[in-house]
2 protein chains.
Amino acid sequence: MPARRQKTPKKTAGPARWKKGGSESVARTRIFDVLTARYTHPRRKTSRDFYVIDAPDWVNVVALTTDHRLVLVRQFRFGINDFSIEIPGGVIDPGEKDPVAAGLRELREETGYEGLRARLLGSIRPNPAILSNRCHLVLVEECEKTSALEWDDDEEIEILLAPVDHVYEWARNGKISHALVLDALLLFAPHWEKLK
Amino acid sequence: MPARRQKTPKKTAGPARWKKGGSESVARTRIFDVLTARYTHPRRKTSRDFYVIDAPDWVNVVALTTDHRLVLVRQFRFGINDFSIEIPGGVIDPGEKDPVAAGLRELREETGYEGLRARLLGSIRPNPAILSNRCHLVLVEECEKTSALEWDDDEEIEILLAPVDHVYEWARNGKISHALVLDALLLFAPHWEKLK
């Protein structure tokens, strides 16, 4: 397939950084917008539109209790039409500059828990191919139930507490399957080695 | 806020399984569709439309070479308007029943590598709240370059080989930030403990 072999020289030059042009809205929803973004190849000078899901940054929180359990939430998720066991989290509000503060807010609103030594485990890309945003992963230690729940409309959340080792077992056996929750467990692992 | 306190009995009853009704297409793209799905609450009997991104399943491949390095791909990603270091993978074709076979195909087409003892590490949910699909994570051992590259249009891929320990370091320091790639590293870890 000569057309494909011709690409080899481009590979040796390294993948090109396409130049982003304008974008057009395809659909707007409460939680994300769908855009077509016009990109131009710097060498070929060809332009193409690519679909991008534009969403605000998200935050997920590894909340470790004083007795070394993790605060989990179980809820019905409309994307998969099924229940999902996750760590607390949500969408960072437009005004919120600090993802750690946003994580503490989501933890408190969803579960009523608050804790100490909140810090960023890392910031990841939910899907670089089609999603524009980041998901920030936050660790909070010595969490305790301190306040009443403040759920958004249509939020119905079962709060679970599970020993950290059980949570890692659930990650391996598929009982926990949410990609961003599993990422938080990957980045929490070296911290847990020191804390346990 | 009484309206919220009233939710507590529902919580003790556990989160409800909403009943899915019909859905309507909002936008269709080459790689995903955006739908509004009508859901009805079983107790409140209230109905609401929720946005769902409907996509085919994806597959990502942990390709371990005979000299214990991982096959990585670096490419420009239009969602984040930047480069991303990832493991090989892609979209499972409509006809493909077996995610492991799809992973071997993507590995061969993107990198020219093939290997042995291909098996499923696990299947995860990229985002249960808004995405309908699964991402299957596949492990392939003893990978070697055997064939020519077969890239899709607009694919320009730099192929990297890195020792496994470097890849985990890149996951911790943010050089690798793709959520689904990090998930594969979490599920590969116990296998690596035995293989190394």
# chains A, B, ... in the order shown; residues from 1 in each chain; ligands from 1

$ select_by_dssp --residues "chain B" --states "alpha helix (DSSP H)" --output "PyMOL selection string"
chain B and resi 2-5+8-12+99-111+164-173+179-195

$ residues_around --residues "Glu169 (chain A)" --least-positions-apart "4" --cutoff "12 Å" --atoms "only C-alpha atoms" --output "NGL selection string"
(:A and (162-165 or 173-177 or 182 or 185)) or (:B and (186-187 or 190))

$ atom_distance --atom1 "CA of Arg125 (chain B)" --atom2 "CA of Arg43 (chain B)"
27.3 Å

$ residues_around --residues "Thr46 (chain B)" --least-positions-apart "4" --cutoff "12 Å" --atoms "only C-alpha atoms" --output "mmCIF file with N, CA, C and O atoms, in the first residue's frame"
data_model
loop_
_atom_site.group_PDB
_atom_site.id
_atom_site.type_symbol
_atom_site.label_atom_id
_atom_site.label_comp_id
_atom_site.auth_asym_id
_atom_site.auth_seq_id
_atom_site.Cartn_x
_atom_site.Cartn_y
_atom_site.Cartn_z
ATOM 1 N N ASP A 154 -31.733 15.428 41.350
ATOM 2 C CA ASP A 154 -31.602 14.093 40.767
ATOM 3 C C ASP A 154 -30.382 13.328 41.287
ATOM 4 O O ASP A 154 -30.067 12.277 40.770
ATOM 5 N N TRP B 18 -33.235 4.190 37.586
ATOM 6 C CA TRP B 18 -34.135 4.902 36.678
ATOM 7 C C TRP B 18 -34.479 4.010 35.492
ATOM 8 O O TRP B 18 -33.664 3.186 35.070
ATOM 9 N N LYS B 19 -35.690 4.178 34.944
ATOM 10 C CA LYS B 19 -36.103 3.376 33.785
ATOM 11 C C LYS B 19 -35.808 4.149 32.509
ATOM 12 O O LYS B 19 -36.249 5.292 32.347
ATOM 13 N N ARG B 38 -34.350 9.620 27.590
ATOM 14 C CA ARG B 38 -35.414 9.908 28.541
ATOM 15 C C ARG B 38 -35.389 8.866 29.655
ATOM 16 O O ARG B 38 -35.453 7.669 29.380
ATOM 17 N N TYR B 39 -35.221 9.324 30.886
ATOM 18 C CA TYR B 39 -35.215 8.424 32.045
ATOM 19 C C TYR B 39 -36.360 8.796 32.985
ATOM 20 O O TYR B 39 -36.648 9.983 33.174
ATOM 21 N N THR B 40 -37.008 7.778 33.572
ATOM 22 C CA THR B 40 -38.094 7.999 34.527
ATOM 23 C C THR B 40 -37.723 7.416 35.885
ATOM 24 O O THR B 40 -37.278 6.264 35.973
ATOM 25 N N HIS B 41 -37.926 8.227 36.946
ATOM 26 C CA HIS B 41 -37.626 7.775 38.304
ATOM 27 C C HIS B 41 -38.729 6.821 38.789
ATOM 28 O O HIS B 41 -39.912 7.149 38.698
ATOM 29 N N PRO B 42 -38.355 5.620 39.277
ATOM 30 C CA PRO B 42 -39.362 4.599 39.591
ATOM 31 C C PRO B 42 -40.294 4.979 40.739
ATOM 32 O O PRO B 42 -41.442 4.527 40.778
#

$ select_by_dssp --residues "region 13-180 of chain A" --states "strand (DSSP E or B)" --output "NGL selection string"
:A and (19-28 or 33-40 or 47-54 or 58-65 or 69-77 or 82-86 or 89-91 or 113-125 or 131 or 135-145 or 158-163 or 178)

$ residues_around --residues "Arg134 (chain B)" --least-positions-apart "5" --cutoff "8 Å" --atoms "only C-alpha atoms" --output "number ranges by chain"
B: 56-58, 123-126

$ atom_distance --atom1 "CA of Val26 (chain B)" --atom2 "CA of Ile130 (chain A)"
17.0 Å

$ atom_distance --atom1 "CA of Ala101 (chain A)" --atom2 "CA of Leu116 (chain A)"
11.8 Å

$ closest_residue --among "A:Leu137, A:Ile87, A:Val34, A:Leu131" --to "Glu110 (chain A)" --atoms "only C-alpha atoms"
A:Ile87

$ closest_residue --among "A:Ile159, A:Leu195, A:Val61, A:Val140" --to "chain B" --atoms "only C-alpha atoms"
A:Ile159

$ closest_residue --among "A:Ala179, A:Gly89, A:Lys20, A:Leu161" --to "Ser47 (chain A)" --atoms "only C-alpha atoms"
A:Lys20

$ closest_residue --among "B:Glu193, B:Asp54, B:Glu141, B:Asp98" --to "chain A" --atoms "only C-alpha atoms"
B:Asp54

$ closest_residue --among "B:Lys97, B:His191, B:Lys145, B:His166" --to "chain A" --atoms "only C-alpha atoms"
B:His191

$ closest_residue --among "A:Leu120, A:Leu104, A:Ala148, A:Ala129" --to "chain B" --atoms "only C-alpha atoms"
A:Ala129
